[in-house]
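Visitor: File run-v9.txt below, compact mmCIF, C-alpha atoms:
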# COMPACT_ATOMS: atom_id res chain seq x y z
CA ILE A 21 2.48 -19.73 8.23
CA SER A 22 6.27 -20.02 8.34
CA ARG A 23 8.43 -18.29 5.75
CA SER A 24 9.72 -21.67 4.49
CA ALA A 25 6.15 -22.91 4.05
CA ALA A 26 5.20 -19.72 2.20
CA VAL A 27 8.17 -20.14 -0.17
CA SER A 28 7.12 -23.75 -0.77
CA LEU A 29 3.59 -22.64 -1.64
CA LEU A 30 4.91 -19.99 -4.00
CA GLY A 31 7.16 -22.55 -5.68
CA GLY A 32 4.27 -24.88 -6.47
CA ALA A 33 2.68 -22.61 -9.07
CA ALA A 34 3.08 -23.20 -12.81
CA ALA A 35 3.86 -20.46 -15.32
CA LEU A 36 1.63 -19.47 -18.23
CA ALA A 37 1.74 -16.07 -19.99
CA MET A 38 3.18 -12.80 -18.68
CA LEU A 39 1.02 -9.75 -18.04
CA PRO A 40 1.89 -6.76 -20.25
CA GLY A 41 3.91 -4.06 -18.53
CA ARG A 42 7.17 -3.85 -16.60
CA ALA A 43 8.49 -7.21 -15.48
CA PHE A 44 11.62 -8.64 -13.88
CA ALA A 45 12.54 -12.32 -14.34
CA GLN A 46 15.09 -14.73 -12.95
CA ALA A 47 16.05 -17.53 -15.35
CA ALA A 48 16.77 -20.57 -13.16
CA GLY A 49 14.10 -22.69 -11.46
CA VAL A 50 10.33 -23.14 -11.68
CA PRO A 51 8.75 -19.96 -13.12
CA VAL A 52 6.40 -18.19 -10.71
CA ARG A 53 4.61 -15.04 -11.86
CA MET A 54 4.41 -12.49 -9.04
CA GLY A 55 2.42 -9.27 -9.08
CA SER A 56 3.35 -6.23 -6.99
CA MET A 57 3.37 -2.43 -6.96
CA ALA A 58 6.23 0.08 -7.04
CA LEU A 59 5.94 0.81 -3.32
CA ASP A 60 8.48 0.13 -0.59
CA ALA A 61 5.88 -1.79 1.42
CA ALA A 62 5.23 -4.06 -1.58
CA GLY A 63 8.91 -4.61 -2.39
CA GLU A 64 9.31 -8.15 -1.05
CA PRO A 65 9.39 -9.82 -4.51
CA TRP A 66 12.44 -7.71 -5.46
CA TYR A 67 14.06 -8.17 -2.04
CA GLY A 68 13.66 -11.92 -2.45
CA ALA A 69 15.24 -11.77 -5.91
CA ASP A 70 18.16 -9.60 -4.78
CA ALA A 71 18.84 -11.80 -1.75
CA GLY A 72 18.72 -14.99 -3.81
CA ILE A 73 15.81 -16.40 -1.78
CA TRP A 74 13.82 -17.40 -4.86
CA THR A 75 16.65 -19.08 -6.76
CA SER A 76 17.90 -20.88 -3.66
CA ASN A 77 14.42 -22.43 -3.34
CA GLY A 78 14.18 -23.40 -7.00
CA ILE A 79 11.96 -20.46 -8.03
CA ALA A 80 12.44 -18.39 -11.20
CA SER A 81 10.61 -15.23 -10.21
CA GLN A 82 8.77 -13.29 -12.90
CA ILE A 83 7.77 -10.00 -11.25
CA THR A 84 5.19 -7.74 -12.89
CA THR A 85 4.63 -4.18 -11.64
CA SER A 86 1.01 -3.00 -11.58
CA GLN A 87 -0.38 0.44 -10.84
CA THR A 88 -3.06 -0.74 -8.40
CA GLY A 89 -3.79 -3.59 -6.05
CA GLN A 90 -7.05 -4.23 -7.89
CA ALA A 91 -5.07 -4.91 -11.08
CA ILE A 92 -3.02 -7.54 -9.23
CA ILE A 93 -6.16 -9.19 -7.85
CA GLN A 94 -7.61 -9.27 -11.36
CA GLY A 95 -4.39 -10.83 -12.67
CA VAL A 96 -4.55 -13.61 -10.09
CA ILE A 97 -8.27 -14.21 -10.71
CA THR A 98 -7.77 -14.52 -14.49
CA GLY A 99 -4.69 -16.72 -14.12
CA ASP A 100 -2.25 -14.22 -15.59
CA LEU A 101 -0.42 -14.17 -12.23
CA ASP A 102 0.31 -17.06 -9.88
CA VAL A 103 0.64 -14.98 -6.70
CA GLY A 104 0.37 -11.33 -5.77
CA LEU A 105 0.82 -8.80 -3.01
CA GLY A 106 -2.27 -6.92 -1.94
CA ALA A 107 -4.00 -5.08 0.88
CA PRO A 108 -5.91 -7.45 3.21
CA LEU A 109 -9.07 -5.31 3.00
CA ASN A 110 -9.26 -5.64 -0.80
CA ILE A 111 -8.61 -9.38 -0.66
CA MET A 112 -11.19 -9.90 2.10
CA THR A 113 -13.74 -7.96 0.05
CA ALA A 114 -13.10 -10.26 -2.90
CA ILE A 115 -13.41 -13.36 -0.70
CA ALA A 116 -16.68 -12.02 0.75
CA ARG A 117 -17.96 -11.91 -2.85
CA ASN A 118 -17.10 -15.61 -3.27
CA ILE A 119 -13.95 -14.99 -5.31
CA PRO A 120 -11.62 -17.91 -4.44
CA LEU A 121 -8.54 -16.07 -3.16
CA VAL A 122 -6.40 -17.30 -0.27
CA MET A 123 -3.99 -15.22 1.85
CA ILE A 124 -0.84 -17.27 2.44
CA ALA A 125 1.67 -15.06 4.31
CA PRO A 126 2.29 -11.47 5.49
CA ALA A 127 4.40 -9.45 3.06
CA VAL A 128 5.24 -6.63 5.46
CA ILE A 129 4.62 -5.78 9.10
CA TYR A 130 4.05 -2.14 10.09
CA SER A 131 4.84 -1.59 13.77
CA ALA A 132 4.86 1.29 16.22
CA LYS A 133 8.51 0.36 16.87
CA ASP A 134 9.47 1.41 13.32
CA ALA A 135 6.71 3.85 12.45
CA ASN A 136 6.90 6.28 9.51
CA PRO A 137 3.96 8.74 9.68
CA ASN A 138 1.83 8.53 6.54
CA LEU A 139 -0.58 11.46 7.04
CA VAL A 140 1.03 14.62 5.66
CA VAL A 141 0.13 18.28 5.17
CA ALA A 142 1.65 21.18 3.26
CA LYS A 143 5.05 22.08 4.68
CA ASP A 144 4.22 25.74 5.29
CA GLY A 145 0.45 25.34 5.41
CA PRO A 146 -2.00 26.41 8.14
CA ILE A 147 -2.81 22.90 9.47
CA LYS A 148 -1.28 22.66 12.96
CA VAL A 149 -3.56 20.43 15.07
CA PRO A 150 -6.17 17.75 14.19
CA LYS A 151 -9.14 20.09 14.72
CA ASP A 152 -7.84 22.20 11.82
CA LEU A 153 -8.92 19.33 9.55
CA VAL A 154 -12.65 19.72 10.31
CA GLY A 155 -14.33 19.85 6.89
CA ALA A 156 -11.02 19.20 5.08
CA THR A 157 -10.44 17.38 1.80
CA PHE A 158 -8.01 14.44 1.93
CA GLY A 159 -6.00 13.00 -0.93
CA VAL A 160 -5.90 9.18 -1.01
CA SER A 161 -4.55 6.83 -3.66
CA THR A 162 -7.65 4.61 -3.71
CA LEU A 163 -11.08 5.12 -2.23
CA ALA A 164 -12.38 2.56 0.29
CA ASP A 165 -8.99 0.91 0.85
CA LEU A 166 -6.88 0.32 3.97
CA ASN A 167 -5.47 3.86 3.86
CA GLN A 168 -8.89 5.50 3.88
CA LEU A 169 -10.16 3.09 6.54
CA SER A 170 -7.19 3.87 8.78
CA LEU A 171 -7.71 7.60 8.18
CA LEU A 172 -11.33 7.33 9.32
CA ASN A 173 -10.12 5.64 12.51
CA TRP A 174 -7.56 8.40 13.00
CA LEU A 175 -10.26 11.07 12.60
CA ASP A 176 -12.42 9.34 15.20
CA LYS A 177 -9.57 9.09 17.71
CA ASN A 178 -8.70 12.77 17.23
CA ASN A 179 -12.31 13.97 17.53
CA VAL A 180 -12.52 15.19 13.94
CA PRO A 181 -16.10 14.57 12.71
CA ARG A 182 -16.34 12.36 9.65
CA ASP A 183 -19.30 14.40 8.46
CA GLY A 184 -18.10 17.18 6.21
CA VAL A 185 -14.69 15.74 5.28
CA LYS A 186 -14.13 14.73 1.67
CA PHE A 187 -11.81 12.28 -0.07
CA VAL A 188 -10.24 12.76 -3.48
CA GLU A 189 -8.60 9.89 -5.33
CA MET A 190 -5.19 10.81 -6.76
CA LYS A 191 -1.85 9.18 -7.43
CA PHE A 192 0.71 9.22 -4.62
CA GLY A 193 3.04 11.31 -6.79
CA GLU A 194 0.40 14.05 -7.15
CA ILE A 195 -0.42 14.57 -3.47
CA GLY A 196 2.53 16.83 -2.58
CA LEU A 197 1.71 19.36 -5.30
CA ALA A 198 -2.01 19.13 -4.50
CA LEU A 199 -1.21 20.10 -0.91
CA GLN A 200 0.85 23.06 -2.09
CA LYS A 201 -2.04 24.26 -4.25
CA ASN A 202 -4.55 23.64 -1.41
CA ILE A 203 -6.53 21.25 -3.60
CA VAL A 204 -6.40 18.95 -0.59
CA GLN A 205 -5.55 19.92 2.98
CA ALA A 206 -3.99 16.57 3.97
CA GLY A 207 -3.07 13.32 2.28
CA ILE A 208 -1.85 9.78 2.77
CA LEU A 209 1.63 9.16 1.36
CA THR A 210 3.74 6.03 1.31
CA GLU A 211 7.36 5.44 0.33
CA PRO A 212 9.16 6.23 -1.90
CA PHE A 213 6.74 9.06 -2.77
CA LYS A 214 6.79 10.52 0.72
CA THR A 215 10.57 10.98 0.73
CA ASP A 216 10.43 12.56 -2.74
CA ALA A 217 7.80 15.09 -1.62
CA MET A 218 9.72 15.77 1.59
CA ARG A 219 12.93 16.48 -0.34
CA ALA A 220 11.00 18.78 -2.67
CA GLY A 221 9.91 20.83 0.34
CA GLN A 222 6.22 20.13 -0.27
CA ILE A 223 5.12 18.31 2.87
CA ARG A 224 5.64 17.68 6.57
CA ASP A 225 4.58 14.82 8.82
CA PHE A 226 1.29 15.23 10.64
CA GLY A 227 0.00 11.87 11.85
CA ASP A 228 0.14 8.09 11.62
CA THR A 229 -3.18 6.60 10.59
CA TYR A 230 -2.02 2.96 10.63
CA LEU A 231 -1.39 3.15 14.36
CA ALA A 232 -5.01 4.27 14.77
CA ILE A 233 -5.93 0.67 13.82
CA ALA A 234 -3.46 -1.23 15.98
CA PRO A 235 0.15 -1.05 17.24
CA GLU A 236 1.07 -3.63 14.59
CA ILE A 237 -0.62 -4.42 11.28
CA SER A 238 0.17 -6.08 7.94
CA PRO A 239 -0.66 -3.59 5.16
CA PHE A 240 0.27 -6.11 2.43
CA VAL A 241 -0.04 -9.89 2.28
CA TRP A 242 0.83 -12.59 -0.25
CA PHE A 243 -2.24 -14.19 -1.80
Once you've parsed the file, please lay out its structure as structure tokens.

Guide:
Amino acid sequence: ISRSAAVSLLGGAAALAMLPGRAFAQAAGVPVRMGSMALDAAGEPWYGADAGIWTSNGIASQITTSQTGQAIIQGVITGDLDVGLGAPLNIMTAIARNIPLVMIAPAVIYSAKDANPNLVVAKDGPIKVPKDLVGATFGVSTLADLNQLSLLNWLDKNNVPRDGVKFVEMKFGEIGLALQKNIVQAGILTEPFKTDAMRAGQIRDFGDTYLAIAPEISPFVWF
């Protein structure tokens, strides 16, 4: 749908109680409780606030930061949030289980034109080519999410057998150190955590798993 239509949909929600945790609110307009994560790809609520998009459309944004996409989905389901940003795969899974969620607009578009590789390895480690990852352990923020799905596609396209590889769930901020200690041999990192690990000399780029799905995808959508 168009951006103006999406803003109109967002503005139609009524406010109830805030979720506990970090929140940012704008005073003027109809209160709309938005759930997001502290990731660059999920930053549209704050961009909208900074640019005045919400207030100019009569919306008083109340932005709550959650640790996981599942927490945002739960907040929308229980009515603690009016709208949220989440990964399409997680939302589709909920819909397939007859949970009444509706995707209303893309929140971000990831394109080959502006790619930022998300598969990383230890900066001075032994991993040089994809075949070096046969039997490797990968660090991912959440099991069975878009990142792991895209990684499986990337393994297939690079002739790395899925059999034998392992996945360990860990926070984005822990992956750089885990690579240095060889707890994992590769990991999926997103911004701003990737830049932090790069500046700390922990990691180097190795591959782009999102592009293994398609030249253009939407990793986060409003729902």

Visitor: Please indicate the distance in Å from atom CA of Gln222 of chain A to atom CA of Thr85 of chain A, rounded to one decimal place.

Guide: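 Separation of atom CA of Gln222 of chain A and atom CA of Thr85 of chain A: 26.9 Å.
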
Visitor: Could you tell me how far atom CA of Asp102 of chain A lies from atom CA of Met54 of chain A, in Å and to one decimal?

Guide: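 According to the coordinates, atom CA of Asp102 of chain A and atom CA of Met54 of chain A are separated by 6.2 Å.
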
Visitor: May I ask for the distance between atom CA of Thr210 of chain A and atom CA of Ala91 of chain A, given in Å to one decimal place?

Guide: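 Distance between the two atoms: 18.7 Å.
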
Visitor: For Gly99 of chain A, which of A:Leu121, A:Ile129, A:Ile147, A:Ala62 is the closest residue, counting all atoms listed in the file?

Guide: A:Leu121

Visitor: Leaving out Gly193 of chain A and any residue of its chain fewer than 3 positions from it, which residues lie within 12 Å of it when counting only C-alpha atoms, given as a list in words?

Guide: Ala58, Leu59, Gly159, Val160, Ser161, Glu189, Met190, Gly196, Leu197, Ala198, Leu199, Gly207, Ile208, Leu209, Thr210, Glu211, Pro212, Phe213, Lys214, Thr215, Asp216, Ala217, Met218, Ala220 and Gln222 of chain A

Visitor: Counting all atoms listed in the file, figure out which residue out of A:Leu153, A:Val140, A:Ile73, A:Val241 gets nearest to Gly55 of chain A.

Guide: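 Once distances to Gly55 of chain A are computed over all atoms listed in the file, the minimum belongs to A:Val241.
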
Visitor: Can you tell me which residues surround Glu236 of chain A at a distance of at most 8 Å, considering only C-alpha atoms, apart from same-chain residues fewer than 6 positions away, and format the answer as a list in words?

Guide: Ile129, Tyr130, Ser131 and Ala132 of chain A

Visitor: Nearest to Phe243 of chain A among A:Leu109, A:Ile119, A:Ile79, A:Ile124, with distances taken over all atoms listed in the file: which residue is it?

Guide: A:Ile124

Visitor: Let me make sure I understand: among A:Pro120, A:Pro239, A:Gly184, A:Pro126, which one has the smallest atom-to-atom distance to Ala107 of chain A if we use only C-alpha atoms?

Guide: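 That would be A:Pro239, the residue with the smallest distance to Ala107 of chain A.
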
Visitor: Between A:Pro108, A:Asp228, A:Ala164, A:Asn202, which is the closest to Pro150 of chain A once you count all atoms listed in the file?

Guide: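 Looking only at the distances to Pro150 of chain A, the closest residue turns out to be A:Asp228.
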
Visitor: Around (-7.3, 16.4, 2.6), as given in the file, which residues come within 7 Å? Count all atoms listed in the file and list them as a list in words.

Guide: Ala156, Thr157, Phe158, Gly159, Phe187, Val204, Gln205, Ala206 and Gly207 of chain A

Visitor: Export C-alpha atoms of the chosen residues as an mmCIF file, keeping the file's coordinate frame?

Guide:
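Writing done, so here's result30.cif:
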data_model
loop_
_atom_site.group_PDB
_atom_site.id
_atom_site.type_symbol
_atom_site.label_atom_id
_atom_site.label_comp_id
_atom_site.auth_asym_id
_atom_site.auth_seq_id
_atom_site.Cartn_x
_atom_site.Cartn_y
_atom_site.Cartn_z
ATOM 1 C CA ALA A 156 -11.020 19.200 5.080
ATOM 2 C CA THR A 157 -10.440 17.380 1.800
ATOM 3 C CA PHE A 158 -8.010 14.440 1.930
ATOM 4 C CA GLY A 159 -6.000 13.000 -0.930
ATOM 5 C CA PHE A 187 -11.810 12.280 -0.070
ATOM 6 C CA VAL A 204 -6.400 18.950 -0.590
ATOM 7 C CA GLN A 205 -5.550 19.920 2.980
ATOM 8 C CA ALA A 206 -3.990 16.570 3.970
ATOM 9 C CA GLY A 207 -3.070 13.320 2.280
#

Visitor: Using all atoms listed in the file, which residue out of A:Ala135, A:Ala116, A:Val96, A:Val128 lies closest to Pro65 of chain A?

Guide: A:Val128

Visitor: Using all atoms listed in the file, which protein or nucleic acid residues come within 10 Å of Thr162 of chain A? Drop anything in the same chain fewer than 4 positions from it, and give the result as a PyMOL selection string.

Guide: chain A and resi 88-90+166-168+187-192

Visitor: Can you list, as a PyMOL selection string, every protein, DNA or RNA residue that comes within 10 Å of Asp176 of chain A when you count all atoms listed in the file, leaving out same-chain residues fewer than 6 positions away?

Guide: chain A and resi 170+182+232

Visitor: Export segment 97-128 of chain A from the structure block above, keeping N, CA and C atoms, as a compact mmCIF listing (two decimals), in the first residue's frame.

Guide:
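Dumped to result.txt:
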# COMPACT_ATOMS: atom_id res chain seq x y z
N ILE A 97 -0.58 -8.87 19.89
CA ILE A 97 -1.64 -9.86 20.12
C ILE A 97 -2.41 -9.53 21.39
N THR A 98 -1.70 -9.14 22.46
CA THR A 98 -2.35 -8.88 23.75
C THR A 98 -2.97 -7.49 23.82
N GLY A 99 -2.70 -6.64 22.82
CA GLY A 99 -3.26 -5.31 22.84
C GLY A 99 -2.41 -4.28 23.56
N ASP A 100 -1.21 -4.65 23.97
CA ASP A 100 -0.32 -3.69 24.62
C ASP A 100 0.34 -2.77 23.61
N LEU A 101 0.38 -3.18 22.35
CA LEU A 101 0.89 -2.36 21.25
C LEU A 101 -0.19 -2.27 20.17
N ASP A 102 -0.22 -1.12 19.49
CA ASP A 102 -1.16 -0.96 18.38
C ASP A 102 -0.57 -1.50 17.07
N VAL A 103 0.70 -1.23 16.83
CA VAL A 103 1.38 -1.69 15.62
C VAL A 103 2.80 -2.09 16.00
N GLY A 104 3.43 -2.88 15.15
CA GLY A 104 4.81 -3.26 15.40
C GLY A 104 5.56 -3.48 14.12
N LEU A 105 6.88 -3.59 14.25
CA LEU A 105 7.74 -3.98 13.14
C LEU A 105 8.22 -5.39 13.41
N GLY A 106 8.14 -6.26 12.40
CA GLY A 106 8.57 -7.62 12.59
C GLY A 106 9.03 -8.26 11.29
N ALA A 107 9.68 -9.41 11.41
CA ALA A 107 10.12 -10.16 10.24
C ALA A 107 8.93 -10.86 9.60
N PRO A 108 8.79 -10.77 8.28
CA PRO A 108 7.64 -11.41 7.61
C PRO A 108 7.47 -12.88 7.96
N LEU A 109 8.58 -13.63 8.08
CA LEU A 109 8.49 -15.05 8.36
C LEU A 109 7.77 -15.30 9.69
N ASN A 110 8.14 -14.52 10.73
CA ASN A 110 7.51 -14.71 12.04
C ASN A 110 6.03 -14.36 11.99
N ILE A 111 5.70 -13.29 11.26
CA ILE A 111 4.30 -12.87 11.17
C ILE A 111 3.50 -13.89 10.38
N MET A 112 4.06 -14.40 9.28
CA MET A 112 3.37 -15.41 8.48
C MET A 112 3.14 -16.69 9.29
N THR A 113 4.11 -17.05 10.13
CA THR A 113 3.95 -18.23 10.98
C THR A 113 2.78 -18.04 11.93
N ALA A 114 2.69 -16.83 12.51
CA ALA A 114 1.58 -16.54 13.42
C ALA A 114 0.24 -16.60 12.69
N ILE A 115 0.19 -16.02 11.48
CA ILE A 115 -1.05 -16.04 10.70
C ILE A 115 -1.45 -17.47 10.34
N ALA A 116 -0.44 -18.30 10.01
CA ALA A 116 -0.72 -19.71 9.67
C ALA A 116 -1.30 -20.46 10.86
N ARG A 117 -1.07 -19.94 12.08
CA ARG A 117 -1.63 -20.55 13.29
C ARG A 117 -2.91 -19.85 13.71
N ASN A 118 -3.52 -19.13 12.77
CA ASN A 118 -4.81 -18.46 12.97
C ASN A 118 -4.76 -17.32 13.98
N ILE A 119 -3.58 -16.72 14.14
CA ILE A 119 -3.47 -15.51 14.94
C ILE A 119 -3.77 -14.33 14.02
N PRO A 120 -4.73 -13.46 14.37
CA PRO A 120 -5.22 -12.44 13.44
C PRO A 120 -4.30 -11.23 13.29
N LEU A 121 -3.15 -11.42 12.68
CA LEU A 121 -2.25 -10.32 12.38
C LEU A 121 -2.39 -9.94 10.91
N VAL A 122 -2.10 -8.69 10.59
CA VAL A 122 -2.18 -8.20 9.21
C VAL A 122 -0.94 -7.37 8.92
N MET A 123 -0.21 -7.71 7.85
CA MET A 123 0.91 -6.88 7.40
C MET A 123 0.34 -5.70 6.61
N ILE A 124 0.80 -4.47 6.93
CA ILE A 124 0.20 -3.30 6.30
C ILE A 124 1.17 -2.50 5.43
N ALA A 125 2.48 -2.65 5.60
CA ALA A 125 3.42 -1.89 4.76
C ALA A 125 4.84 -2.38 5.01
N PRO A 126 5.71 -2.34 4.00
CA PRO A 126 7.13 -2.63 4.23
C PRO A 126 7.73 -1.58 5.16
N ALA A 127 8.63 -2.01 6.02
CA ALA A 127 9.34 -1.07 6.90
C ALA A 127 10.73 -0.76 6.36
N VAL A 128 11.30 -1.68 5.61
CA VAL A 128 12.63 -1.48 5.03
C VAL A 128 12.76 -2.39 3.81
